[in-house]
$ cat final-v6.txt   # compact mmCIF, C-alpha atoms
# COMPACT_ATOMS: atom_id res chain seq x y z
CA MET A 1 136.89 106.75 130.38
CA LEU A 2 134.40 109.13 128.74
CA ARG A 3 137.23 111.51 127.84
CA LYS A 4 139.11 108.71 126.06
CA ILE A 5 136.05 107.77 124.03
CA ALA A 6 135.43 111.42 123.11
CA GLY A 7 139.10 111.83 122.15
CA VAL A 8 139.03 108.76 119.90
CA PHE A 9 135.78 109.94 118.29
CA LEU A 10 137.26 113.39 117.70
CA ALA A 11 140.43 111.92 116.19
CA PHE A 12 138.42 109.78 113.76
CA SER A 13 136.25 112.76 112.85
CA PHE A 14 139.28 114.81 111.82
CA ALA A 15 140.75 111.83 109.95
CA GLY A 16 137.48 111.47 108.03
CA LEU A 17 137.45 115.13 107.10
CA SER A 18 140.98 115.06 105.75
CA TRP A 19 140.29 111.85 103.81
CA ALA A 20 137.26 113.33 102.05
CA GLN A 21 139.03 116.51 100.99
CA GLN A 22 138.25 118.21 97.71
CA ILE A 23 140.89 118.61 95.03
CA ASP A 24 140.68 121.40 92.47
CA LEU A 25 141.72 120.13 89.03
CA ASN A 26 143.38 123.49 88.37
CA LYS A 27 145.56 123.29 91.51
CA ALA A 28 146.14 119.55 92.05
CA THR A 29 149.71 118.33 92.12
CA GLU A 30 150.95 115.44 90.01
CA VAL A 31 151.06 113.24 93.12
CA GLU A 32 147.45 114.12 94.07
CA LEU A 33 146.19 113.31 90.57
CA ASP A 34 148.13 110.02 90.40
CA ALA A 35 146.65 108.99 93.74
CA LEU A 36 143.10 109.14 92.37
CA LYS A 37 141.43 105.90 91.36
CA GLY A 38 141.30 105.61 87.56
CA VAL A 39 144.03 108.19 86.94
CA GLY A 40 147.40 107.03 85.72
CA PRO A 41 150.54 108.80 84.58
CA VAL A 42 149.24 109.39 81.03
CA LEU A 43 146.04 111.15 82.13
CA THR A 44 147.93 113.08 84.80
CA LYS A 45 150.40 114.35 82.20
CA ALA A 46 147.55 115.30 79.85
CA VAL A 47 145.80 117.28 82.61
CA MET A 48 149.02 119.01 83.64
CA ASP A 49 149.92 119.90 80.02
CA GLU A 50 146.49 121.36 79.26
CA ARG A 51 146.44 123.23 82.56
CA LYS A 52 149.74 124.94 81.65
CA LYS A 53 148.04 126.41 78.56
CA ALA A 54 145.11 127.81 80.54
CA ALA A 55 143.10 127.01 83.65
CA PHE A 56 139.99 124.90 83.16
CA LYS A 57 136.83 127.05 83.20
CA ASP A 58 134.47 124.18 84.02
CA TRP A 59 134.11 120.43 83.60
CA GLU A 60 133.00 120.80 79.98
CA ASP A 61 136.20 122.70 79.21
CA ALA A 62 138.29 120.03 80.95
CA THR A 63 136.60 117.10 79.19
CA SER A 64 136.90 118.77 75.78
CA ARG A 65 140.60 119.61 76.17
CA VAL A 66 141.99 116.53 77.95
CA LYS A 67 142.13 113.35 75.90
CA GLY A 68 140.96 110.43 78.04
CA LEU A 69 138.79 112.58 80.30
CA GLY A 70 135.25 111.85 79.18
CA PRO A 71 131.92 112.04 80.98
CA GLN A 72 132.35 108.71 82.75
CA LYS A 73 135.84 109.51 84.03
CA ALA A 74 134.77 113.05 85.03
CA SER A 75 131.87 111.61 87.02
CA SER A 76 134.17 109.14 88.76
CA LEU A 77 136.69 111.86 89.64
CA SER A 78 133.95 114.15 90.89
CA GLU A 79 132.70 111.38 93.20
CA GLN A 80 136.26 111.21 94.60
CA GLY A 81 136.19 114.92 95.45
CA VAL A 82 137.75 116.48 92.35
CA ARG A 83 136.29 119.88 91.47
CA VAL A 84 136.77 122.41 88.67
CA GLN A 85 136.38 125.99 89.86
CA GLY A 86 134.66 124.58 92.97
CA SER A 87 131.99 122.70 91.00
CA ALA A 88 131.30 118.99 90.93
CA TYR A 89 130.69 117.28 87.59
CA LYS A 90 127.03 117.26 86.60
CA VAL A 91 125.91 114.49 84.27
CA LYS A 92 124.08 115.85 81.25
CA VAL A 93 121.14 114.02 79.70
CA ALA A 94 123.09 113.67 76.43
CA ASP A 95 126.00 112.02 78.32
CA GLN A 96 123.84 109.25 79.73
CA LYS A 97 123.47 106.11 77.67
CA PRO A 98 119.92 104.79 77.62
CA ALA A 99 119.56 101.36 79.16
CA PRO A 100 118.67 98.69 76.62
CA ASN A 101 115.06 97.62 76.95
CA LYS A 102 115.04 93.98 75.97
CA ASP A 103 112.52 91.30 76.68
CA VAL A 104 114.64 88.54 78.19
CA SER A 105 112.01 85.82 77.58
CA ALA A 106 111.93 86.62 73.84
CA ASP A 107 115.74 86.34 73.68
CA LYS A 108 115.66 82.94 75.39
CA ALA A 109 112.96 81.63 73.05
CA ALA A 110 114.88 82.84 69.99
CA ALA A 111 118.12 81.29 71.26
CA LYS A 112 116.66 77.77 71.64
CA PRO A 113 116.98 75.68 68.47
CA ALA A 114 114.04 73.59 67.33
CA LYS A 115 114.17 70.00 68.56
CA PRO A 116 114.94 67.49 65.81
CA ALA A 117 112.54 64.60 65.27
CA ALA A 118 113.31 61.54 67.38
CA ALA A 119 115.36 58.89 65.60
CA ASP A 120 115.06 55.12 65.99
CA ALA A 121 118.00 52.76 66.59
CA SER A 122 118.92 52.69 62.88
CA GLY A 123 119.48 56.45 62.86
CA LYS A 124 116.48 57.10 60.60
CA PRO A 125 113.86 59.60 61.76
CA ALA A 126 110.75 58.07 63.29
CA PRO A 127 107.61 58.22 61.18
CA ALA A 128 105.29 61.09 61.93
CA LYS A 129 102.34 60.28 64.16
CA ASN A 130 98.87 61.28 62.99

$ encode --input "final-v6.txt" --output "structure tokens"
Amino acid sequence: MLRKIAGVFLAFSFAGLSWAQQIDLNKATEVELDALKGVGPVLTKAVMDERKKAAFKDWEDATSRVKGLGPQKASSLSEQGVRVQGSAYKVKVADQKPAPNKDVSADKAAAKPAKPAAADASGKPAPAKN
């Protein structure tokens, strides 16, 4: 029984390792690129065309040469195991968008219109109380 459990554990371990494999952008096949989340035929063709001209030196080179491959997409691909020359994409400070710092209570107060004066049954505004 213990051998069966160890065998199943070992089988799942190897399956996990093959699932989390790294793909080099300079060596990936068209099928491998298409299989990545967020990569379609247009981006795959753009990567393949640029790669024919010259291998990508680093992520900056890849993002500057391939239309549609910006910082956000590069980060997503890197999280999926894509590498350029063995390196994962590193987010630069300039690539990050600062989070908006808004006071939500001020927005709610500004969004509420002023209440109109109460009207009587005739539709005329009620006289002001002193």

$ atom_distance --input "final-v6.txt" --atom1 "CA of Val82 in chain A" --atom2 "CA of Lys37 in chain A"
11.2 Å

$ closest_residue --input "final-v6.txt" --among "A:Glu32, A:Val66, A:Asn26, A:Ala46" --to "Arg83 in chain A" --atoms "all atoms listed in the file"
A:Asn26

$ closest_residue --input "final-v6.txt" --among "A:Lys67, A:Lys90, A:Lys57, A:Lys27" --to "Lys45 in chain A" --atoms "only C-alpha atoms"
A:Lys67

$ closest_residue --input "final-v6.txt" --among "A:Val84, A:Glu79, A:Leu33, A:Pro41" --to "Thr63 in chain A" --atoms "only C-alpha atoms"
A:Val84

$ residues_near_point --input "final-v6.txt" --point "(141.3, 119.7, 78.3)" --cutoff "10 Å" --atoms "only C-alpha atoms" --output "list in words"
Ala46, Val47, Met48, Asp49, Glu50, Arg51, Lys53, Ala54, Ala55, Phe56, Lys57, Asp58, Trp59, Glu60, Asp61, Ala62, Thr63, Ser64, Arg65, Val66, Lys67, Gly68, Leu69 and Gly70 of chain A

$ atom_distance --input "final-v6.txt" --atom1 "CA of Lys92 in chain A" --atom2 "CA of Val31 in chain A"
29.6 Å

$ atom_distance --input "final-v6.txt" --atom1 "CA of Leu77 in chain A" --atom2 "CA of Lys52 in chain A"
20.1 Å

$ closest_residue --input "final-v6.txt" --among "A:Gln72, A:Gln85, A:Thr44, A:Ser78" --to "Glu30 in chain A" --atoms "only C-alpha atoms"
A:Thr44

$ build_atoms --input "final-v6.txt" --residues "range 46-70 of chain A" --atoms "N, CA and C atoms" --output "JSON list (two decimals), in the frame of the given file"
[["chain", "number", "residue", "atom", "x", "y", "z"],
["A", 46, "ALA", "N", 148.45, 114.57, 80.74],
["A", 46, "ALA", "CA", 147.55, 115.30, 79.85],
["A", 46, "ALA", "C", 146.86, 116.46, 80.58],
["A", 47, "VAL", "N", 146.44, 116.22, 81.81],
["A", 47, "VAL", "CA", 145.80, 117.28, 82.61],
["A", 47, "VAL", "C", 146.80, 118.39, 82.88],
["A", 48, "MET", "N", 148.00, 118.01, 83.30],
["A", 48, "MET", "CA", 149.02, 119.01, 83.64],
["A", 48, "MET", "C", 149.41, 119.84, 82.41],
["A", 49, "ASP", "N", 149.55, 119.18, 81.25],
["A", 49, "ASP", "CA", 149.92, 119.90, 80.02],
["A", 49, "ASP", "C", 148.84, 120.89, 79.60],
["A", 50, "GLU", "N", 147.59, 120.47, 79.65],
["A", 50, "GLU", "CA", 146.49, 121.36, 79.26],
["A", 50, "GLU", "C", 146.32, 122.50, 80.26],
["A", 51, "ARG", "N", 146.58, 122.20, 81.52],
["A", 51, "ARG", "CA", 146.44, 123.23, 82.56],
["A", 51, "ARG", "C", 147.51, 124.31, 82.41],
["A", 52, "LYS", "N", 148.68, 123.94, 81.88],
["A", 52, "LYS", "CA", 149.74, 124.94, 81.65],
["A", 52, "LYS", "C", 149.31, 125.96, 80.60],
["A", 53, "LYS", "N", 148.53, 125.51, 79.62],
["A", 53, "LYS", "CA", 148.04, 126.41, 78.56],
["A", 53, "LYS", "C", 147.05, 127.42, 79.12],
["A", 54, "ALA", "N", 146.11, 126.94, 79.91],
["A", 54, "ALA", "CA", 145.11, 127.81, 80.54],
["A", 54, "ALA", "C", 144.35, 127.00, 81.58],
["A", 55, "ALA", "N", 143.89, 127.68, 82.61],
["A", 55, "ALA", "CA", 143.10, 127.01, 83.65],
["A", 55, "ALA", "C", 141.78, 126.53, 83.05],
["A", 56, "PHE", "N", 141.28, 125.43, 83.61],
["A", 56, "PHE", "CA", 139.99, 124.90, 83.16],
["A", 56, "PHE", "C", 138.87, 125.80, 83.68],
["A", 57, "LYS", "N", 137.94, 126.18, 82.81],
["A", 57, "LYS", "CA", 136.83, 127.05, 83.20],
["A", 57, "LYS", "C", 135.76, 126.26, 83.93],
["A", 58, "ASP", "N", 135.50, 125.04, 83.44],
["A", 58, "ASP", "CA", 134.47, 124.18, 84.02],
["A", 58, "ASP", "C", 134.75, 122.75, 83.56],
["A", 59, "TRP", "N", 133.90, 121.83, 83.96],
["A", 59, "TRP", "CA", 134.11, 120.43, 83.60],
["A", 59, "TRP", "C", 134.02, 120.22, 82.09],
["A", 60, "GLU", "N", 133.13, 120.94, 81.43],
["A", 60, "GLU", "CA", 133.00, 120.80, 79.98],
["A", 60, "GLU", "C", 134.30, 121.19, 79.28],
["A", 61, "ASP", "N", 134.92, 122.26, 79.75],
["A", 61, "ASP", "CA", 136.20, 122.70, 79.21],
["A", 61, "ASP", "C", 137.26, 121.63, 79.43],
["A", 62, "ALA", "N", 137.30, 121.06, 80.63],
["A", 62, "ALA", "CA", 138.29, 120.03, 80.95],
["A", 62, "ALA", "C", 138.09, 118.79, 80.09],
["A", 63, "THR", "N", 136.85, 118.32, 79.96],
["A", 63, "THR", "CA", 136.60, 117.10, 79.19],
["A", 63, "THR", "C", 136.85, 117.31, 77.70],
["A", 64, "SER", "N", 136.66, 118.52, 77.21],
["A", 64, "SER", "CA", 136.90, 118.77, 75.78],
["A", 64, "SER", "C", 138.39, 118.91, 75.47],
["A", 65, "ARG", "N", 139.18, 119.37, 76.42],
["A", 65, "ARG", "CA", 140.60, 119.61, 76.17],
["A", 65, "ARG", "C", 141.50, 118.44, 76.52],
["A", 66, "VAL", "N", 141.12, 117.62, 77.48],
["A", 66, "VAL", "CA", 141.99, 116.53, 77.95],
["A", 66, "VAL", "C", 141.55, 115.21, 77.33],
["A", 67, "LYS", "N", 142.42, 114.64, 76.52],
["A", 67, "LYS", "CA", 142.13, 113.35, 75.90],
["A", 67, "LYS", "C", 142.12, 112.28, 77.00],
["A", 68, "GLY", "N", 141.08, 111.47, 77.02],
["A", 68, "GLY", "CA", 140.96, 110.43, 78.04],
["A", 68, "GLY", "C", 140.10, 110.85, 79.21],
["A", 69, "LEU", "N", 139.64, 112.08, 79.22],
["A", 69, "LEU", "CA", 138.79, 112.58, 80.30],
["A", 69, "LEU", "C", 137.40, 112.82, 79.71],
["A", 70, "GLY", "N", 136.60, 111.76, 79.71],
["A", 70, "GLY", "CA", 135.25, 111.85, 79.18],
["A", 70, "GLY", "C", 134.24, 111.96, 80.30]]
